[in-house]
Amino acid sequence: MPYRPPLVAHEYFVADPPELPVRARGEGGLSAVTAAELVAADGAEVMVKAVTTAEETLVVQVGVAGEGVIRVRLSEDATARPRSEGAISLVTPGTYRGARVGAAPGEPIVVDAGSLRAEISLAPWHLRFTDATGRTLVEQDRGHTDISGRLRTLPFGRSSSDGAPVAYHESFAAAPDEAFAGFGESFTRLDKRGQRPLMWNFDAFGAESQRAYKNIPLYVSSRGYGVLVDSGAPTEFDVCQSTHSVVQIIVPDDVMDYYVIAGPTPSDVLDRYDLLTCRPSLPPKWAFGTWISSGFCVDSQERVLARARTIRERGIPCDVLHLDTYWQADGHWSDLQWDPVNFPDPEGMLAELKGMGFQVCLWMNPYISHLSPAFSEAAEAGYFLKNQEGETYVADCWHGSFPPCGIVDLTNPQAVEWFTGLLRDLLRQGVAAFKTDFAEGVPADSVAFNGMTGTDLHNVYTLLFNDAVAAVTREVHGHELVWARSSYLGGQRHSAQWGGDTYTSYAAMGSTIRGGLAHGLSGVPFWSHDAGGFTGRPTDDLYVRWTQFGALSPLLRLHGTTTREPWEFPAVEEQAVGALKLRYRLMPYIYSAAVEAARTGAPMMRAMCVDHPDDPVAWQADLQYLLGRDLLVAPMTAPEGTRQVYLPRGQWVDYWTGEVLEGSRYVTVSKPLDQIPLFVRHGAIIPVATTPGDTVDVPAEITLVAFGGGDTTVEIHDEDGVTVAVVTRDGDVLRVAVTGPKRVTGVEIAPVTGAPARAVIQ
């Protein structure tokens, strides 16, 4: 009798991706570009007419889209555009004055974008990308065939089924030692080699699978380049899985439209990626403080105020109180109306909280329960997505846990106006920001106001959602912060994103770290997670260890299905609050790193390969990171309190002991519960708050902490401008010259071997 696995609970996602059609036995349809004929060329682009193995005629365009950026398009019609452009434009190609196109007789055509070049061979067709010196970065795979001559990898071409085109595809040769990272907030190993990322936003039900809330069709390679696919379709990347030496890309759209982006470092790729999309939006400074949530449980005005008073009475650093689902009436989610029973005077509550120094964030999403009075109003006005029969699509957005909902149709301008009007009223009452939850639930078979199918709208819907919420927040408050669960290409303009509904375990915390690192390498620097884990109650030690991880993350929120209030963990409250106090002490350093990330696109939470791209171990050490440039954070991912930490080249100082350790090796680190493994780059000068307060805007004075001490320059960014400290070592003395608005009150010399004896502020 055949083996059958035991039955387990299984979730059916309301918006599962459509499967690509399977060709019937004997049916053709796989075509490859074999040769091409030059049609036109100017100083920045080449257009060729290509023929395929299926005797099709397709158009290939290869052109410069910025310095170090080359765009490649394959389509039947040169004017074809990705179907997602029916709702939103994802990529805006740039220009480069130094661009040129040329070819010597009998030689490949060269498209020159400065630090990146494309070499085009017409017959037989082949495309290769090099750096300015001619070193190959990546090239098209030349095709793997079996003994019968059948292709075993997807060629540069397209596929048809039942006589109709269904997808375009491209394949790149991969070096045996090449690593690949990015693809959005992917919770699997950072190096995606051997994986198959699907660009389809899921309600991922946690952070321990390949399903992701935030997919971004961008990856960076250890060989010094990146690839970006411009499409909202469920694009699939086979990263050396079915064939170990080939990356295959399948785009079920009307065009294959991709960009090769020069490095040589991941930061260089992300800088150029931002020029094609947008720079990250910097959150307001208060957002970098602690966020403490009501949790996923019934709340009330009385409880919120009591929570706020307790936080202040116990001296817990905190800037934001988050009110989750139950600020609204149960069963009405998310009609954006206060529960009149539990919150009889929201304006008074918000004013009182403001007086105590708290900002307030409210949970919401674009789904409205069919039980809410707002549902009938919106349905009659045509503000929801429709089904195939033209009726309101009532979807099981909560997977059977709560009532089915209508999904606000954000392609309908009147629906957007109605929806943002509800938000505007709340913002004017004193709400500071919204947690934009869900938005992964657009069903593939739904129909939008603008005529788009649910398949084409699904991924980009989250951008429309967060754009709308950010716009009305900016209108009322002057900032555009949203705390978003789902995102897509260009979503770094939404300045806070978090890792979704993680399980409460050390393993889930490890997966969460990997998700944050991958998302940072996909262009999103301001990311967070539910400290303590979301589902269930963490053990005391896990609560502390995860809070420590949160305190040294770009943004920090304590949230879960049960309370994450520190006093509800009395045995370890001191250790947890100690982690929060460490964050507030480091706030000048953290906020300065945030300003740099917004300016450059490099992540705050930096995978080791960001600063050490030529170190192959740095692409694999994915349970640790650099916070900014100088702090190496290795969250404790095991209850025993011991782990392996990879120290890259150079010298590193144990933050807690001052011990100097040589890099380029793994070290075994054991830390008590009140300490997270934390290392400082030897010679770094870390700006800290001289007297940290309960909110981030209190410190007006800065202390510099020297870990070894040497000649260096430190930039301290704040809302009042940039303060520059120039540090020089004169024998056994550090001399510090400061210019700018901040007052530097002193210099601490960390107990590091070889450190200077004293410091003088000039």
# chains A, B, ... in the order shown; residues from 1 in each chain; ligands from 1
>>> closest_atom_pairs(of="region 582-604 of chain A", to="region 507-521 of chain A", cutoff="10 Å", atoms="only C-alpha atoms", output="JSON lines")
{"residue": "A:Gly601", "atom": "CA", "partner": "A:Gly520", "partner_atom": "CA", "distance": 8.9}
{"residue": "A:Ala602", "atom": "CA", "partner": "A:Gly520", "partner_atom": "CA", "distance": 7.4}
{"residue": "A:Pro603", "atom": "CA", "partner": "A:Gly520", "partner_atom": "CA", "distance": 4.9}
{"residue": "A:Met604", "atom": "CA", "partner": "A:Gly520", "partner_atom": "CA", "distance": 7.6}
>>> residues_around(residues="region 398-413 of chain A", least_positions_apart="3", cutoff="7 Å", atoms="only C-alpha atoms", output="mmCIF file with N, CA and C atoms, in the first residue's frame")
data_model
loop_
_atom_site.group_PDB
_atom_site.id
_atom_site.type_symbol
_atom_site.label_atom_id
_atom_site.label_comp_id
_atom_site.auth_asym_id
_atom_site.auth_seq_id
_atom_site.Cartn_x
_atom_site.Cartn_y
_atom_site.Cartn_z
ATOM 1 N N ALA A 87 -2.868 50.241 -13.942
ATOM 2 C CA ALA A 87 -3.136 50.821 -12.628
ATOM 3 C C ALA A 87 -2.034 51.753 -12.172
ATOM 4 N N GLY A 331 -16.618 42.523 14.077
ATOM 5 C CA GLY A 331 -17.453 42.155 12.937
ATOM 6 C C GLY A 331 -17.568 43.233 11.889
ATOM 7 N N PRO A 366 -7.953 47.258 3.626
ATOM 8 C CA PRO A 366 -8.888 47.677 2.575
ATOM 9 C C PRO A 366 -10.080 46.741 2.402
ATOM 10 N N TYR A 367 -10.361 45.925 3.409
ATOM 11 C CA TYR A 367 -11.488 45.000 3.364
ATOM 12 C C TYR A 367 -12.564 45.495 4.334
ATOM 13 N N ILE A 368 -13.822 45.410 3.937
ATOM 14 C CA ILE A 368 -14.922 45.833 4.807
ATOM 15 C C ILE A 368 -15.904 44.678 4.949
ATOM 16 N N SER A 369 -16.122 44.273 6.192
ATOM 17 C CA SER A 369 -17.018 43.160 6.490
ATOM 18 C C SER A 369 -18.408 43.401 5.907
ATOM 19 N N HIS A 370 -19.009 42.327 5.396
ATOM 20 C CA HIS A 370 -20.365 42.472 4.857
ATOM 21 C C HIS A 370 -21.382 42.744 5.968
ATOM 22 N N TYR A 383 -18.013 50.674 -5.054
ATOM 23 C CA TYR A 383 -16.673 50.936 -4.558
ATOM 24 C C TYR A 383 -15.860 49.668 -4.285
ATOM 25 N N PHE A 384 -16.423 48.489 -4.553
ATOM 26 C CA PHE A 384 -15.710 47.241 -4.308
ATOM 27 C C PHE A 384 -15.342 46.561 -5.627
ATOM 28 N N LEU A 385 -14.331 45.701 -5.577
ATOM 29 C CA LEU A 385 -14.036 44.846 -6.719
ATOM 30 C C LEU A 385 -15.247 43.980 -7.031
ATOM 31 N N THR A 392 -20.675 42.606 -6.497
ATOM 32 C CA THR A 392 -19.625 42.807 -5.506
ATOM 33 C C THR A 392 -18.982 41.472 -5.145
ATOM 34 N N TYR A 393 -17.670 41.431 -5.203
ATOM 35 C CA TYR A 393 -16.939 40.211 -4.850
ATOM 36 C C TYR A 393 -16.852 40.158 -3.323
ATOM 37 N N VAL A 394 -17.563 39.255 -2.718
ATOM 38 C CA VAL A 394 -17.511 39.070 -1.271
ATOM 39 C C VAL A 394 -16.533 37.932 -1.010
ATOM 40 N N ALA A 395 -15.361 38.285 -0.479
ATOM 41 C CA ALA A 395 -14.250 37.340 -0.385
ATOM 42 C C ALA A 395 -14.001 36.913 1.061
ATOM 43 N N VAL A 416 -11.573 55.739 -3.995
ATOM 44 C CA VAL A 416 -10.410 56.254 -3.278
ATOM 45 C C VAL A 416 -10.790 57.494 -2.488
ATOM 46 N N GLU A 417 -11.557 58.380 -3.094
ATOM 47 C CA GLU A 417 -11.976 59.606 -2.411
ATOM 48 C C GLU A 417 -12.819 59.280 -1.175
ATOM 49 N N ALA A 448 -11.696 44.740 -11.832
ATOM 50 C CA ALA A 448 -11.583 46.078 -11.266
ATOM 51 C C ALA A 448 -12.356 47.096 -12.090
ATOM 52 N N PHE A 449 -12.589 48.257 -11.493
ATOM 53 C CA PHE A 449 -13.298 49.367 -12.139
ATOM 54 C C PHE A 449 -12.646 49.758 -13.456
ATOM 55 N N ASN A 450 -11.300 49.736 -13.499
ATOM 56 C CA ASN A 450 -10.591 50.157 -14.707
ATOM 57 C C ASN A 450 -10.449 49.036 -15.735
ATOM 58 N N LEU A 464 -1.273 50.772 -4.608
ATOM 59 C CA LEU A 464 -2.393 51.705 -4.641
ATOM 60 C C LEU A 464 -2.914 51.968 -3.232
ATOM 61 N N PHE A 465 -2.993 50.902 -2.433
ATOM 62 C CA PHE A 465 -3.494 50.996 -1.064
ATOM 63 C C PHE A 465 -2.589 51.887 -0.216
#
>>> closest_residue(among="A:Ala207, A:Ala755, A:Ala175, A:Leu678", to="Asp530 (chain A)", atoms="only C-alpha atoms")
A:Ala207
>>> residues_around(residues="Gly550 (chain A)", least_positions_apart="5", cutoff="10 Å", atoms="only C-alpha atoms", output="mmCIF file with N, CA and C atoms, in the first residue's frame")
data_model
loop_
_atom_site.group_PDB
_atom_site.id
_atom_site.type_symbol
_atom_site.label_atom_id
_atom_site.label_comp_id
_atom_site.auth_asym_id
_atom_site.auth_seq_id
_atom_site.Cartn_x
_atom_site.Cartn_y
_atom_site.Cartn_z
ATOM 1 N N THR A 290 10.039 53.269 20.452
ATOM 2 C CA THR A 290 9.310 52.022 20.693
ATOM 3 C C THR A 290 7.837 52.192 20.363
ATOM 4 N N SER A 528 10.547 46.327 10.022
ATOM 5 C CA SER A 528 10.421 45.901 11.401
ATOM 6 C C SER A 528 9.748 44.536 11.455
ATOM 7 N N HIS A 529 9.341 44.129 12.650
ATOM 8 C CA HIS A 529 8.755 42.809 12.875
ATOM 9 C C HIS A 529 8.037 42.857 14.213
ATOM 10 N N ASP A 530 7.233 41.859 14.484
ATOM 11 C CA ASP A 530 6.517 41.793 15.758
ATOM 12 C C ASP A 530 7.462 41.248 16.819
ATOM 13 N N ALA A 531 8.045 42.143 17.614
ATOM 14 C CA ALA A 531 8.982 41.715 18.645
ATOM 15 C C ALA A 531 8.258 40.836 19.660
ATOM 16 N N GLY A 532 8.826 39.665 19.907
ATOM 17 C CA GLY A 532 8.184 38.664 20.739
ATOM 18 C C GLY A 532 7.482 37.597 19.935
ATOM 19 N N VAL A 544 12.582 38.277 25.699
ATOM 20 C CA VAL A 544 13.726 39.168 25.860
ATOM 21 C C VAL A 544 14.606 39.146 24.616
ATOM 22 N N ARG A 545 14.924 37.959 24.128
ATOM 23 C CA ARG A 545 15.822 37.859 22.977
ATOM 24 C C ARG A 545 15.216 38.536 21.746
ATOM 25 N N LEU A 555 13.230 49.643 12.859
ATOM 26 C CA LEU A 555 12.072 50.115 13.607
ATOM 27 C C LEU A 555 11.672 49.034 14.599
ATOM 28 N N LEU A 556 10.939 49.408 15.639
ATOM 29 C CA LEU A 556 10.668 48.492 16.747
ATOM 30 C C LEU A 556 9.199 48.559 17.154
ATOM 31 N N ARG A 557 8.532 47.393 17.137
ATOM 32 C CA ARG A 557 7.162 47.322 17.659
ATOM 33 C C ARG A 557 6.979 46.036 18.449
ATOM 34 N N LEU A 558 6.403 46.148 19.640
ATOM 35 C CA LEU A 558 6.010 45.010 20.461
ATOM 36 C C LEU A 558 4.545 44.727 20.173
ATOM 37 N N ALA A 579 16.797 46.517 26.957
ATOM 38 C CA ALA A 579 17.023 46.541 25.505
ATOM 39 C C ALA A 579 16.448 47.814 24.891
ATOM 40 N N LEU A 580 15.254 48.219 25.353
ATOM 41 C CA LEU A 580 14.649 49.447 24.845
ATOM 42 C C LEU A 580 15.497 50.663 25.217
ATOM 43 N N ARG A 583 18.407 51.038 22.938
ATOM 44 C CA ARG A 583 18.018 51.651 21.660
ATOM 45 C C ARG A 583 17.975 53.172 21.786
ATOM 46 N N PRO A 635 21.443 38.519 16.756
ATOM 47 C CA PRO A 635 20.412 38.139 17.732
ATOM 48 C C PRO A 635 20.578 36.692 18.182
#
>>> select_by_dssp(residues="region 447-604 of chain A", states="strand (DSSP E)", output="PyMOL selection string")
chain A and resi 482-484+496-498+527-528+530-531+556-558
>>> residues_around(residues="region 493-502 of chain A", least_positions_apart="3", cutoff="7 Å", atoms="only C-alpha atoms", output="list of chain:residue names")
A:Phe205, A:Gly206, A:Ala207, A:Cys278, A:Arg279, A:Pro280, A:Ser281, A:Leu282, A:Pro283, A:Asn466, A:Leu481, A:Val482, A:Trp483, A:Ala484, A:Arg485, A:Gly490, A:Ala508, A:Thr512, A:Phe526, A:Trp527, A:Ser528, A:His529, A:Gly533, A:Phe534, A:Thr535
>>> write_last_selection(atoms="N, CA, C and O atoms", output="tab-separated table (two decimals), in the first residue's frame")
chain	number	residue	atom	x	y	z
A	205	PHE	N	0.67	33.59	6.34
A	205	PHE	CA	0.39	32.79	7.54
A	205	PHE	C	1.67	32.53	8.33
A	205	PHE	O	1.89	31.43	8.83
A	206	GLY	N	2.52	33.56	8.43
A	206	GLY	CA	3.74	33.40	9.19
A	206	GLY	C	4.96	33.79	8.40
A	206	GLY	O	4.86	34.39	7.33
A	207	ALA	N	6.12	33.43	8.93
A	207	ALA	CA	7.38	33.83	8.33
A	207	ALA	C	8.31	32.64	8.18
A	207	ALA	O	9.52	32.77	8.33
A	278	CYS	N	12.24	54.99	-7.00
A	278	CYS	CA	12.15	56.16	-6.12
A	278	CYS	C	13.11	55.97	-4.96
A	278	CYS	O	13.53	54.85	-4.66
A	279	ARG	N	13.45	57.06	-4.30
A	279	ARG	CA	14.22	56.98	-3.08
A	279	ARG	C	13.31	56.54	-1.93
A	279	ARG	O	12.11	56.81	-1.94
A	280	PRO	N	13.87	55.87	-0.93
A	280	PRO	CA	13.06	55.51	0.23
A	280	PRO	C	12.56	56.76	0.95
A	280	PRO	O	13.24	57.79	1.00
A	281	SER	N	11.38	56.65	1.51
A	281	SER	CA	10.81	57.73	2.30
A	281	SER	C	11.29	57.59	3.74
A	281	SER	O	11.20	56.52	4.34
A	282	LEU	N	11.81	58.67	4.30
A	282	LEU	CA	12.31	58.65	5.68
A	282	LEU	C	11.15	58.83	6.65
A	282	LEU	O	10.42	59.82	6.58
A	283	PRO	N	10.96	57.90	7.59
A	283	PRO	CA	9.90	58.07	8.58
A	283	PRO	C	10.19	59.27	9.48
A	283	PRO	O	11.34	59.69	9.63
A	466	ASN	N	-1.31	51.57	-0.20
A	466	ASN	CA	-0.39	52.35	0.62
A	466	ASN	C	-0.20	53.76	0.09
A	466	ASN	O	0.00	54.71	0.87
A	481	LEU	N	4.18	58.35	6.62
A	481	LEU	CA	4.41	57.06	7.24
A	481	LEU	C	3.17	56.17	7.17
A	481	LEU	O	2.07	56.58	7.52
A	482	VAL	N	3.36	54.95	6.70
A	482	VAL	CA	2.40	53.87	6.88
A	482	VAL	C	3.19	52.68	7.43
A	482	VAL	O	4.38	52.55	7.18
A	483	TRP	N	2.52	51.84	8.21
A	483	TRP	CA	3.17	50.64	8.77
A	483	TRP	C	2.57	49.46	8.01
A	483	TRP	O	1.54	48.93	8.35
A	484	ALA	N	3.24	49.06	6.91
A	484	ALA	CA	2.62	48.21	5.89
A	484	ALA	C	3.04	46.76	6.00
A	484	ALA	O	4.21	46.46	6.26
A	485	ARG	N	2.08	45.85	5.74
A	485	ARG	CA	2.40	44.42	5.72
A	485	ARG	C	2.76	43.95	4.32
A	485	ARG	O	3.63	43.10	4.14
A	490	GLY	N	9.01	49.18	-5.92
A	490	GLY	CA	8.94	50.61	-5.65
A	490	GLY	C	8.31	50.95	-4.32
A	490	GLY	O	8.14	52.12	-3.99
A	508	ALA	N	11.31	30.83	14.17
A	508	ALA	CA	10.58	31.88	13.45
A	508	ALA	C	11.33	33.21	13.54
A	508	ALA	O	11.32	34.00	12.59
A	512	THR	N	12.59	35.39	10.42
A	512	THR	CA	12.26	36.81	10.35
A	512	THR	C	13.51	37.63	10.06
A	512	THR	O	13.47	38.59	9.26
A	526	PHE	N	13.59	50.54	5.71
A	526	PHE	CA	12.90	50.79	6.97
A	526	PHE	C	11.88	49.68	7.21
A	526	PHE	O	10.76	49.70	6.72
A	527	TRP	N	12.33	48.70	7.99
A	527	TRP	CA	11.60	47.44	8.16
A	527	TRP	C	11.57	47.08	9.63
A	527	TRP	O	12.44	47.47	10.41
A	528	SER	N	10.55	46.33	10.02
A	528	SER	CA	10.42	45.90	11.40
A	528	SER	C	9.75	44.54	11.46
A	528	SER	O	9.56	43.88	10.42
A	529	HIS	N	9.34	44.13	12.65
A	529	HIS	CA	8.76	42.81	12.87
A	529	HIS	C	8.04	42.86	14.21
A	529	HIS	O	8.21	43.81	14.99
A	533	GLY	N	7.37	37.84	18.60
A	533	GLY	CA	6.58	36.93	17.77
A	533	GLY	C	5.11	37.31	17.86
A	533	GLY	O	4.66	37.95	18.82
A	534	PHE	N	4.32	36.90	16.88
A	534	PHE	CA	2.91	37.31	16.82
A	534	PHE	C	1.97	36.27	17.42
A	534	PHE	O	1.15	36.56	18.28
A	535	THR	N	2.06	35.03	16.96
A	535	THR	CA	1.06	34.01	17.30
A	535	THR	C	1.42	33.31	18.60
A	535	THR	O	2.41	32.59	18.68
>>> residues_around(residues="Gly740 (chain A)", least_positions_apart="4", cutoff="12 Å", atoms="only C-alpha atoms", output="PDB file with N, CA, C and O atoms, in the first residue's frame")
ATOM      1  N   ILE A 702      24.868  65.138  22.954  1.00  0.00           N
ATOM      2  CA  ILE A 702      25.454  63.927  22.381  1.00  0.00           C
ATOM      3  C   ILE A 702      26.760  63.603  23.101  1.00  0.00           C
ATOM      4  O   ILE A 702      27.552  64.496  23.420  1.00  0.00           O
ATOM      5  N   VAL A 714      32.671  61.726  11.896  1.00  0.00           N
ATOM      6  CA  VAL A 714      31.357  61.212  12.246  1.00  0.00           C
ATOM      7  C   VAL A 714      30.302  62.257  11.895  1.00  0.00           C
ATOM      8  O   VAL A 714      30.433  63.425  12.293  1.00  0.00           O
ATOM      9  N   GLU A 715      29.277  61.855  11.138  1.00  0.00           N
ATOM     10  CA  GLU A 715      28.152  62.735  10.847  1.00  0.00           C
ATOM     11  C   GLU A 715      26.968  62.318  11.705  1.00  0.00           C
ATOM     12  O   GLU A 715      26.573  61.152  11.704  1.00  0.00           O
ATOM     13  N   ILE A 716      26.416  63.278  12.446  1.00  0.00           N
ATOM     14  CA  ILE A 716      25.261  63.031  13.301  1.00  0.00           C
ATOM     15  C   ILE A 716      24.084  63.789  12.713  1.00  0.00           C
ATOM     16  O   ILE A 716      24.080  65.026  12.679  1.00  0.00           O
ATOM     17  N   HIS A 717      23.108  63.038  12.221  1.00  0.00           N
ATOM     18  CA  HIS A 717      21.949  63.650  11.575  1.00  0.00           C
ATOM     19  C   HIS A 717      20.798  63.750  12.562  1.00  0.00           C
ATOM     20  O   HIS A 717      20.532  62.825  13.337  1.00  0.00           O
ATOM     21  N   ASP A 718      20.113  64.868  12.514  1.00  0.00           N
ATOM     22  CA  ASP A 718      18.899  65.037  13.308  1.00  0.00           C
ATOM     23  C   ASP A 718      17.981  65.980  12.557  1.00  0.00           C
ATOM     24  O   ASP A 718      18.341  66.514  11.499  1.00  0.00           O
ATOM     25  N   ASP A 720      17.265  68.887  13.171  1.00  0.00           N
ATOM     26  CA  ASP A 720      17.777  70.257  13.129  1.00  0.00           C
ATOM     27  C   ASP A 720      19.014  70.394  12.251  1.00  0.00           C
ATOM     28  O   ASP A 720      19.633  71.462  12.211  1.00  0.00           O
ATOM     29  N   GLY A 721      19.407  69.340  11.553  1.00  0.00           N
ATOM     30  CA  GLY A 721      20.533  69.444  10.641  1.00  0.00           C
ATOM     31  C   GLY A 721      21.616  68.408  10.918  1.00  0.00           C
ATOM     32  O   GLY A 721      21.390  67.419  11.614  1.00  0.00           O
ATOM     33  N   VAL A 722      22.795  68.664  10.375  1.00  0.00           N
ATOM     34  CA  VAL A 722      23.916  67.726  10.462  1.00  0.00           C
ATOM     35  C   VAL A 722      24.999  68.311  11.357  1.00  0.00           C
ATOM     36  O   VAL A 722      25.409  69.468  11.191  1.00  0.00           O
ATOM     37  N   THR A 723      25.440  67.506  12.302  1.00  0.00           N
ATOM     38  CA  THR A 723      26.574  67.862  13.146  1.00  0.00           C
ATOM     39  C   THR A 723      27.747  66.969  12.753  1.00  0.00           C
ATOM     40  O   THR A 723      27.586  65.753  12.645  1.00  0.00           O
ATOM     41  N   VAL A 724      28.898  67.580  12.518  1.00  0.00           N
ATOM     42  CA  VAL A 724      30.076  66.837  12.074  1.00  0.00           C
ATOM     43  C   VAL A 724      31.141  66.884  13.166  1.00  0.00           C
ATOM     44  O   VAL A 724      31.496  67.966  13.660  1.00  0.00           O
ATOM     45  N   ALA A 725      31.615  65.704  13.555  1.00  0.00           N
ATOM     46  CA  ALA A 725      32.711  65.608  14.510  1.00  0.00           C
ATOM     47  C   ALA A 725      33.930  65.038  13.789  1.00  0.00           C
ATOM     48  O   ALA A 725      33.889  63.910  13.287  1.00  0.00           O
ATOM     49  N   VAL A 726      35.002  65.824  13.719  1.00  0.00           N
ATOM     50  CA  VAL A 726      36.250  65.385  13.108  1.00  0.00           C
ATOM     51  C   VAL A 726      37.181  64.932  14.235  1.00  0.00           C
ATOM     52  O   VAL A 726      37.524  65.724  15.127  1.00  0.00           O
ATOM     53  N   VAL A 744      28.030  68.390  21.650  1.00  0.00           N
ATOM     54  CA  VAL A 744      28.740  67.178  22.059  1.00  0.00           C
ATOM     55  C   VAL A 744      29.354  67.454  23.425  1.00  0.00           C
ATOM     56  O   VAL A 744      30.244  68.300  23.570  1.00  0.00           O
TER      57      VAL A 744
END
>>> select_by_dssp(residues="region 381-512 of chain A", states="helix (DSSP H, G or I)", output="number ranges by chain")
A: 381, 413-429, 454-457, 461-477, 491-493, 506-512
>>> atom_distance(atom1="CA of Thr668 (chain A)", atom2="CA of Asp615 (chain A)")
19.7 Å
>>> closest_residue(among="A:Leu20, A:Leu457, A:Val524, A:Val736", to="Ala444 (chain A)", atoms="only C-alpha atoms")
A:Leu457
>>> residues_around(residues="region 221-224 of chain A", least_positions_apart="4", cutoff="7 Å", atoms="only C-alpha atoms", output="list in words")
Leu137, Glu178, Ala179, Phe180, Ala181, Ala262, Gly263, Pro264, Thr265 and Pro613 of chain A
>>> write_last_selection(atoms="C-alpha atoms", output="PDB file, in the first residue's frame")
ATOM      1  CA  LEU A 137      29.015  39.998 -15.434  1.00  0.00           C
ATOM      2  CA  GLU A 178      27.468  32.711  -7.646  1.00  0.00           C
ATOM      3  CA  ALA A 179      25.053  33.787  -4.908  1.00  0.00           C
ATOM      4  CA  PHE A 180      21.728  35.596  -5.406  1.00  0.00           C
ATOM      5  CA  ALA A 181      19.778  37.685  -2.893  1.00  0.00           C
ATOM      6  CA  ALA A 262      25.691  47.470 -12.586  1.00  0.00           C
ATOM      7  CA  GLY A 263      27.279  47.179  -9.161  1.00  0.00           C
ATOM      8  CA  PRO A 264      29.912  46.361  -8.279  1.00  0.00           C
ATOM      9  CA  THR A 265      28.467  46.337  -4.746  1.00  0.00           C
ATOM     10  CA  PRO A 613      30.488  41.690  -1.194  1.00  0.00           C
TER      11      PRO A 613
END
>>> closest_residue(among="A:Val752, A:Ala415, A:Leu190, A:Leu336", to="Ala621 (chain A)", atoms="only C-alpha atoms")
A:Leu190
>>> closest_residue(among="A:Leu632, A:Ala233, A:Val733, A:Ile261", to="Pro18 (chain A)", atoms="only C-alpha atoms")
A:Ala233
>>> residues_around(residues="Glu391 (chain A)", least_positions_apart="4", cutoff="10 Å", atoms="only C-alpha atoms", output="list in words")
Ala379, Gly382, Phe384, Leu385, Lys386, Asn387, Ser446 and Val447 of chain A
